[in-house]
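Chemist: Take a look at this one; I'll ask things after.
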Amino acid sequence: MINYIIRRLIMVPFLLFGVTVLIFLMLMALTPVERTALYVRDVPRNERVLQGIIKKYGLDKPWYVQYWRWLFGTTVTTTENGVTTVEHVGGILRGDLGYSRTASQPVAELLARRFPASLELTLYSVVPVIAGGILLGVIGAVKHNKLADHIVRIFGIVGWSFPDFVFGLLLLMAFYAGTGWFPPGRVSDWANKIIMSPEFRNYTSLITIDALLNLRIDIFLDALRHMVLPVITLAYLWWALTLRVTRSSMLETLRQDYITTARAKGLSERTVIRQHALPNALMPVVTLGGGTVVGLLSGVVIIETVYNYPGMGAAAARAASQLDVVTVLAFVLFNGLILVLANVVVDILYAYVDPRVRLD
Amino acid sequence: MTAQEIPMPTLAPRTRRPPNWLERWLGHDVYRTLKGLVTNPMSVAGLILLGLFFFIAAAAPILAPPLPNSSPYNIPRDGYGDVPKPPGSEWKSRQPPLPFWWKAVTGKDQWVHLMGTASGQWDIYYGVIWGTRTALFAGLTITLCGALIGITIGAISAYYGGWVDMVFMRITDLFMAFPFLLTAMTLSAVLTPRLGKSLLAPMIALIVFSWMGFARLLRSDILSLREREYVLAARVIGVRDSRILFRHVLPNAIFPTLVLASMRIGSYAITFAGLSFLGIGAEVGFADWGQLLSFARDWMTQLREYWYIIMYPGVTLVLFVLSWNLVGDALRDVLDPRLQGSR
């Protein structure tokens, strides 16, 4: 096991290096002028000033020099009114991701402010997504070729074919327009005012948890109300995938000899399915589950946009549609990082539950 | 050497009935595949829907005749007002030519907004009809190019093995380490200023991040076929490596990859429409379902009143994706021997 974990961990730095190189390649496809957003707030109109900035930050240097500076930052000397200041700027490893034109603030700040919202939505979605998908998949397999199975399959293929934004708009039409039951956004205006006020202490930036810690049940309920539709949308669409995997894996497991043995021993069908079949059938779902968490976190771009939910995805979509590449790339970098690390965790978990993997 | 002469890994049962003329003409495998497709009610529904979409795409100039001197893909707009108009309201200004069947069907001389207009008075009917071409073009091109890249990389990787395989597979891993939609969005934003606001930027962006699944699948299938007896036999009698790959291994290994491709067309159509929903892609007013749907976001609180902005393009998009998925699903059932008998 230790051996396997070490082998798997050795890959991580290489993968992370690759991710940064690929992202940097996309940056290099930009003009030096567009790249100034990595270092300065406002891109000056004046051509001479602009050239000065490009020279100062070395944006015309060879790519490997720029890559190094992009990773570790660069030391610049500025002489203004006879006063010389030396400062170290940039460097994604130092947490400086540049300046976001669309959000008018440093990208790192934007990321830090938006991440909790996406995380909260993901946390509330994970359990319904995975549990519901597994339940439906098991029903489909156990009632194989019966009415329940056909319903589950149709449900799955329709869900698979439903674009998230169409489903989201339909839900908004049914449960928000006209009734106002489940509004878009993260909290209502009145709740937002309280959250922004100094009396409301910010512990985790996850509004539902903060509201409980501040003993504001009304804000907690308000935040929940805003999450109902996005969670339903995410759940329905991801169920299609989870139930497919669970169903086919369960079908295969139910055909194994040891299941026949268990039945021959006279065990009840319930015990056979719960104790004998399910644990083995859920192996592939473990991999999928890890992917789901990451997919939810980085794949909520469209859902957040539909529901005006102020998370990472909505910010990235806004930046991308306004061609603010420096900002979107920072989001890609961040999510790529999560993806690489989460995959390692999933692989190790998988090796833990399935000994065959680590003996490969 | 033709398809019939390639030794198939699965042997047909001895008690088979004699093939009919169609089967003799098409060959056993193609016949079996087609038979599987037309005997499964789900895939028949899918095929009918697909036929309908191809018909709409082909007949677009008749169904929705474009304004003269203007690209047919630019949705005609009836003035510039903000408030959407319901289906059936009359064209007020800049009316496109009346289709010949309109008078025959309704007996009227006045062309109407069949599906209403979205904010900005873009005609939804024109967007839906001409958008069919966009969706077909984008879905098929993205899948085809992605599959071709994936097949090339997967085949080279499995064929050469060793460090070539190692390098290619690590590159594949690397591309898979990116969040798909987010990265495609970014590349699209990088490309747009260089290529102009058109379908090209999002399509290239999706292609660049779509080939990995195909490469992995084909590689593993080739690797398992490489050890089969008939390949060993070919090697023993001294057939060149490249000939073994292209004549013996690839034709047998490619089926699962093709099935995967048919199942991906729908999801790439969704992703492509999703990008244009987010405002990434063609100019405003280009006939594209995702963009039509994005107009609905201007009217969040009145969606019940303006239901037609969502319903017409939304249902069309769902049916389009559903039809590809139904056909792809049935194709997988027919072609994937591992699944035979499990459904």
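Letters A, B, ... go to the chains of the structure tokens in the order shown; residues in each chain start at 1; ligands are counted from 1 in the same order.
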Identify, on the basis of only C-alpha atoms, every residue whose closest approach to Arg247 of chain A does not exceed 9 Å; exclude the query and any residue fewer than 2 positions from it along the same chain; express the result as a VMD selection string.
Modeler: chain A and resid 134 136 to 142 242 to 245 249 to 252 281
Chemist: Please save N, CA and C atoms of the selected residues as a PDB file, in the first residue's frame.
Modeler:
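Saved result, selection_37.pdb, follows:
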```pdb
ATOM      1  N   ILE A 134     -27.013   6.342  -6.709  1.00  0.00           N
ATOM      2  CA  ILE A 134     -26.782   4.943  -6.342  1.00  0.00           C
ATOM      3  C   ILE A 134     -28.107   4.222  -6.131  1.00  0.00           C
ATOM      4  N   LEU A 136     -31.083   4.870  -7.376  1.00  0.00           N
ATOM      5  CA  LEU A 136     -31.774   4.614  -8.640  1.00  0.00           C
ATOM      6  C   LEU A 136     -31.090   3.493  -9.418  1.00  0.00           C
ATOM      7  N   GLY A 137     -29.748   3.512  -9.419  1.00  0.00           N
ATOM      8  CA  GLY A 137     -29.008   2.487 -10.147  1.00  0.00           C
ATOM      9  C   GLY A 137     -29.276   1.101  -9.583  1.00  0.00           C
ATOM     10  N   VAL A 138     -29.310   0.998  -8.246  1.00  0.00           N
ATOM     11  CA  VAL A 138     -29.563  -0.295  -7.616  1.00  0.00           C
ATOM     12  C   VAL A 138     -30.977  -0.766  -7.927  1.00  0.00           C
ATOM     13  N   ILE A 139     -31.945   0.159  -7.851  1.00  0.00           N
ATOM     14  CA  ILE A 139     -33.322  -0.220  -8.195  1.00  0.00           C
ATOM     15  C   ILE A 139     -33.377  -0.757  -9.616  1.00  0.00           C
ATOM     16  N   GLY A 140     -32.707  -0.042 -10.545  1.00  0.00           N
ATOM     17  CA  GLY A 140     -32.706  -0.470 -11.942  1.00  0.00           C
ATOM     18  C   GLY A 140     -32.151  -1.877 -12.099  1.00  0.00           C
ATOM     19  N   ALA A 141     -31.056  -2.163 -11.382  1.00  0.00           N
ATOM     20  CA  ALA A 141     -30.408  -3.463 -11.549  1.00  0.00           C
ATOM     21  C   ALA A 141     -31.208  -4.578 -10.890  1.00  0.00           C
ATOM     22  N   VAL A 142     -31.746  -4.293  -9.699  1.00  0.00           N
ATOM     23  CA  VAL A 142     -32.464  -5.335  -8.977  1.00  0.00           C
ATOM     24  C   VAL A 142     -33.770  -5.687  -9.682  1.00  0.00           C
ATOM     25  N   THR A 242     -24.434   8.774 -12.488  1.00  0.00           N
ATOM     26  CA  THR A 242     -24.210   7.856 -11.371  1.00  0.00           C
ATOM     27  C   THR A 242     -25.065   6.604 -11.514  1.00  0.00           C
ATOM     28  N   LEU A 243     -26.310   6.793 -11.920  1.00  0.00           N
ATOM     29  CA  LEU A 243     -27.190   5.622 -11.984  1.00  0.00           C
ATOM     30  C   LEU A 243     -26.767   4.674 -13.088  1.00  0.00           C
ATOM     31  N   ARG A 244     -26.241   5.219 -14.191  1.00  0.00           N
ATOM     32  CA  ARG A 244     -25.748   4.352 -15.257  1.00  0.00           C
ATOM     33  C   ARG A 244     -24.629   3.459 -14.763  1.00  0.00           C
ATOM     34  N   VAL A 245     -23.646   4.093 -14.122  1.00  0.00           N
ATOM     35  CA  VAL A 245     -22.488   3.328 -13.654  1.00  0.00           C
ATOM     36  C   VAL A 245     -22.916   2.308 -12.614  1.00  0.00           C
ATOM     37  N   SER A 249     -22.771  -1.826 -13.099  1.00  0.00           N
ATOM     38  CA  SER A 249     -21.867  -2.523 -12.188  1.00  0.00           C
ATOM     39  C   SER A 249     -22.637  -3.511 -11.316  1.00  0.00           C
ATOM     40  N   MET A 250     -23.808  -3.095 -10.872  1.00  0.00           N
ATOM     41  CA  MET A 250     -24.649  -3.954 -10.028  1.00  0.00           C
ATOM     42  C   MET A 250     -25.136  -5.160 -10.832  1.00  0.00           C
ATOM     43  N   LEU A 251     -25.512  -4.934 -12.086  1.00  0.00           N
ATOM     44  CA  LEU A 251     -25.971  -6.038 -12.934  1.00  0.00           C
ATOM     45  C   LEU A 251     -24.882  -7.085 -13.067  1.00  0.00           C
ATOM     46  N   GLU A 252     -23.653  -6.595 -13.259  1.00  0.00           N
ATOM     47  CA  GLU A 252     -22.539  -7.516 -13.435  1.00  0.00           C
ATOM     48  C   GLU A 252     -22.293  -8.295 -12.142  1.00  0.00           C
ATOM     49  N   ALA A 281     -20.358  -3.922  -5.866  1.00  0.00           N
ATOM     50  CA  ALA A 281     -20.859  -3.193  -7.024  1.00  0.00           C
ATOM     51  C   ALA A 281     -20.497  -1.714  -6.934  1.00  0.00           C
TER      52      ALA A 281
END
```
Chemist: Define the interface residues of chain B facing chain A as those within 6 Å, counting only C-alpha atoms, and report them as a ChimeraX atom specification.
Modeler: /B:177-178,186,189,270,279-280,301-304,314,318,321-322
Chemist: Include C-alpha atoms and write out the residues we just selected as a PDB file, in the first residue's frame.
Modeler:
```
ATOM      1  CA  ALA B 177      -6.200  17.175 -15.466  1.00  0.00           C
ATOM      2  CA  PHE B 178      -8.056  20.237 -16.718  1.00  0.00           C
ATOM      3  CA  THR B 186     -10.582  29.967 -21.602  1.00  0.00           C
ATOM      4  CA  ALA B 189     -11.491  33.512 -24.993  1.00  0.00           C
ATOM      5  CA  ILE B 270     -24.869  20.579 -25.247  1.00  0.00           C
ATOM      6  CA  GLY B 279     -21.940  34.524 -24.436  1.00  0.00           C
ATOM      7  CA  ILE B 280     -18.840  32.794 -25.777  1.00  0.00           C
ATOM      8  CA  THR B 301     -39.199  37.165 -13.137  1.00  0.00           C
ATOM      9  CA  GLN B 302     -41.554  37.048 -16.130  1.00  0.00           C
ATOM     10  CA  LEU B 303     -40.606  33.690 -17.558  1.00  0.00           C
ATOM     11  CA  ARG B 304     -44.191  32.457 -17.315  1.00  0.00           C
ATOM     12  CA  GLY B 314     -35.064  24.481 -25.201  1.00  0.00           C
ATOM     13  CA  VAL B 318     -33.293  18.543 -25.701  1.00  0.00           C
ATOM     14  CA  VAL B 321     -29.423  15.668 -27.903  1.00  0.00           C
ATOM     15  CA  LEU B 322     -31.911  12.955 -26.985  1.00  0.00           C
TER      16      LEU B 322
END
```
Chemist: Could you check how far atom CA of Leu171 of chain A sits from atom CA of Gly120 of chain B, in Å to one decimal?
Modeler: 23.9 Å
Chemist: Show which residues sit within 8 Å of Ile204 of chain B, as a PyMOL selection string. Count only C-alpha atoms, and ignore same-chain residues fewer than 3 positions away.
Modeler: chain B and resi 142+188+200-201+207-208
Chemist: Kindly save the residues from that selection, with C-alpha atoms included, as an mmCIF file, in the first residue's frame.
Modeler:
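That gives us out.cif:
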```
data_model
loop_
_atom_site.group_PDB
_atom_site.id
_atom_site.type_symbol
_atom_site.label_atom_id
_atom_site.label_comp_id
_atom_site.auth_asym_id
_atom_site.auth_seq_id
_atom_site.Cartn_x
_atom_site.Cartn_y
_atom_site.Cartn_z
ATOM 1 C CA ILE B 142 -16.232 18.648 -32.900
ATOM 2 C CA SER B 188 -12.100 30.138 -26.620
ATOM 3 C CA LEU B 200 -14.607 28.720 -34.879
ATOM 4 C CA ALA B 201 -13.101 29.716 -31.521
ATOM 5 C CA ILE B 207 -11.812 19.886 -30.012
ATOM 6 C CA VAL B 208 -8.514 20.529 -28.223
#
```
Chemist: Between atom CA of Met311 of chain B and atom CA of Gly116 of chain B, what is the distance, to one decimal in Å?
Modeler: 10.9 Å
Chemist: Would you kindly return, as a count of residues only, each protein, DNA or RNA residue with an atom no farther than 7 Å from any atom of segment 226-236 of chain B, considering only C-alpha atoms and excluding same-chain residues fewer than 3 positions away?
Modeler: 5
Chemist: How would you write, as an MDAnalysis selection string, the set of residues in segment 86-246 of chain B that DSSP gives as alpha helix (DSSP H)?
Modeler: chainID B and resid 100:106 124:160 162:176 180:195 200:208 212:226 229:236 241:243
Chemist: For Leu218 of chain B, which residue out of B:Ala155, B:Val164, B:Leu187, B:Leu199 is the nearest one, using only C-alpha atoms?
Modeler: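 Residue with the minimum atom-to-atom distance to Leu218 of chain B: B:Ala155.
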Chemist: For the atom pair atom CA of Gln95 of chain B and atom CA of Tyr306 of chain B, what is the interatomic distance in Å to one decimal place?
Modeler: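 Taking atom CA of Gln95 of chain B and atom CA of Tyr306 of chain B, their separation equals 22.1 Å.
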Chemist: Which one of B:Lys92, B:Arg240, B:Arg264, B:Arg194 sits closest to Asp123 of chain B if you count only C-alpha atoms?
Modeler: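 Of B:Lys92, B:Arg240, B:Arg264, B:Arg194, the one nearest Asp123 of chain B, counting only C-alpha atoms, is B:Lys92.
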Chemist: Within 10 Å of Pro313 of chain B, counting only C-alpha atoms, which residues show up once you throw out same-chain ones fewer than 2 positions away? Write them as a PyMOL selection string, please.
Modeler: (chain A and resi 166) or (chain B and resi 115+124-125+127-129+131-132+288-293+308-311+315-319)
Chemist: Output C-alpha atoms for every residue in that selection, as a PDB file, in the first residue's frame.
Modeler:
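What landed in result05.pdb:
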```pdb
ATOM      1  CA  VAL A 166     -32.396  24.444 -20.167  1.00  0.00           C
TER       2      VAL A 166
ATOM      3  CA  MET B 115     -42.599  31.172 -32.249  1.00  0.00           C
ATOM      4  CA  ILE B 124     -37.261  32.674 -32.461  1.00  0.00           C
ATOM      5  CA  TYR B 125     -38.572  30.567 -35.345  1.00  0.00           C
ATOM      6  CA  GLY B 127     -33.234  30.973 -34.831  1.00  0.00           C
ATOM      7  CA  VAL B 128     -34.588  27.479 -34.210  1.00  0.00           C
ATOM      8  CA  ILE B 129     -34.665  26.489 -37.891  1.00  0.00           C
ATOM      9  CA  GLY B 131     -29.813  26.945 -35.562  1.00  0.00           C
ATOM     10  CA  THR B 132     -30.395  23.288 -36.502  1.00  0.00           C
ATOM     11  CA  ASP B 288     -27.777  29.274 -32.407  1.00  0.00           C
ATOM     12  CA  TRP B 289     -30.001  27.641 -29.806  1.00  0.00           C
ATOM     13  CA  GLY B 290     -27.779  28.394 -26.835  1.00  0.00           C
ATOM     14  CA  GLN B 291     -27.816  32.058 -27.651  1.00  0.00           C
ATOM     15  CA  LEU B 292     -31.589  32.153 -28.118  1.00  0.00           C
ATOM     16  CA  LEU B 293     -31.938  30.616 -24.658  1.00  0.00           C
ATOM     17  CA  TYR B 308     -41.761  30.788 -25.616  1.00  0.00           C
ATOM     18  CA  ILE B 309     -38.201  32.105 -25.282  1.00  0.00           C
ATOM     19  CA  ILE B 310     -37.296  28.961 -23.332  1.00  0.00           C
ATOM     20  CA  MET B 311     -39.733  26.403 -24.613  1.00  0.00           C
ATOM     21  CA  VAL B 315     -37.275  21.624 -26.325  1.00  0.00           C
ATOM     22  CA  THR B 316     -35.543  21.574 -29.714  1.00  0.00           C
ATOM     23  CA  LEU B 317     -32.137  21.297 -28.070  1.00  0.00           C
ATOM     24  CA  VAL B 318     -33.293  18.543 -25.701  1.00  0.00           C
ATOM     25  CA  LEU B 319     -34.830  16.542 -28.565  1.00  0.00           C
TER      26      LEU B 319
END
```
Chemist: Could you pull out the residues in segment 85-260 of chain B that DSSP calls strand (DSSP E or B) from the backbone, as an MDAnalysis selection string?
Modeler: chainID B and resid 90 112 117 122:123
Chemist: Taking C-alpha atoms for each residue, export the selection above as a short mmCIF file (atom, residue, chain, number, x, y, z; two decimals), in the first residue's frame.
Modeler:
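The file below, out_20.cif, is the result:
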```cif
data_model
loop_
_atom_site.label_atom_id
_atom_site.label_comp_id
_atom_site.auth_asym_id
_atom_site.auth_seq_id
_atom_site.Cartn_x
_atom_site.Cartn_y
_atom_site.Cartn_z
CA GLU B 90 -47.39 39.92 -37.11
CA VAL B 112 -46.04 36.10 -38.52
CA THR B 117 -39.64 37.04 -30.64
CA TRP B 122 -34.98 38.45 -32.74
CA ASP B 123 -37.35 35.97 -34.39
#
```
Chemist: Hey, what's within 9 Å of Ala64 of chain B if we count only C-alpha atoms and toss same-chain stuff fewer than 3 positions away? As a list in words, please?
Modeler: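 Near neighbours after the sequence-gap exclusion: Ala59, Ala60, Pro61, Pro96, Pro97, Leu98, Pro99, Tyr125, Tyr126, Ile129 and Trp130 of chain B.
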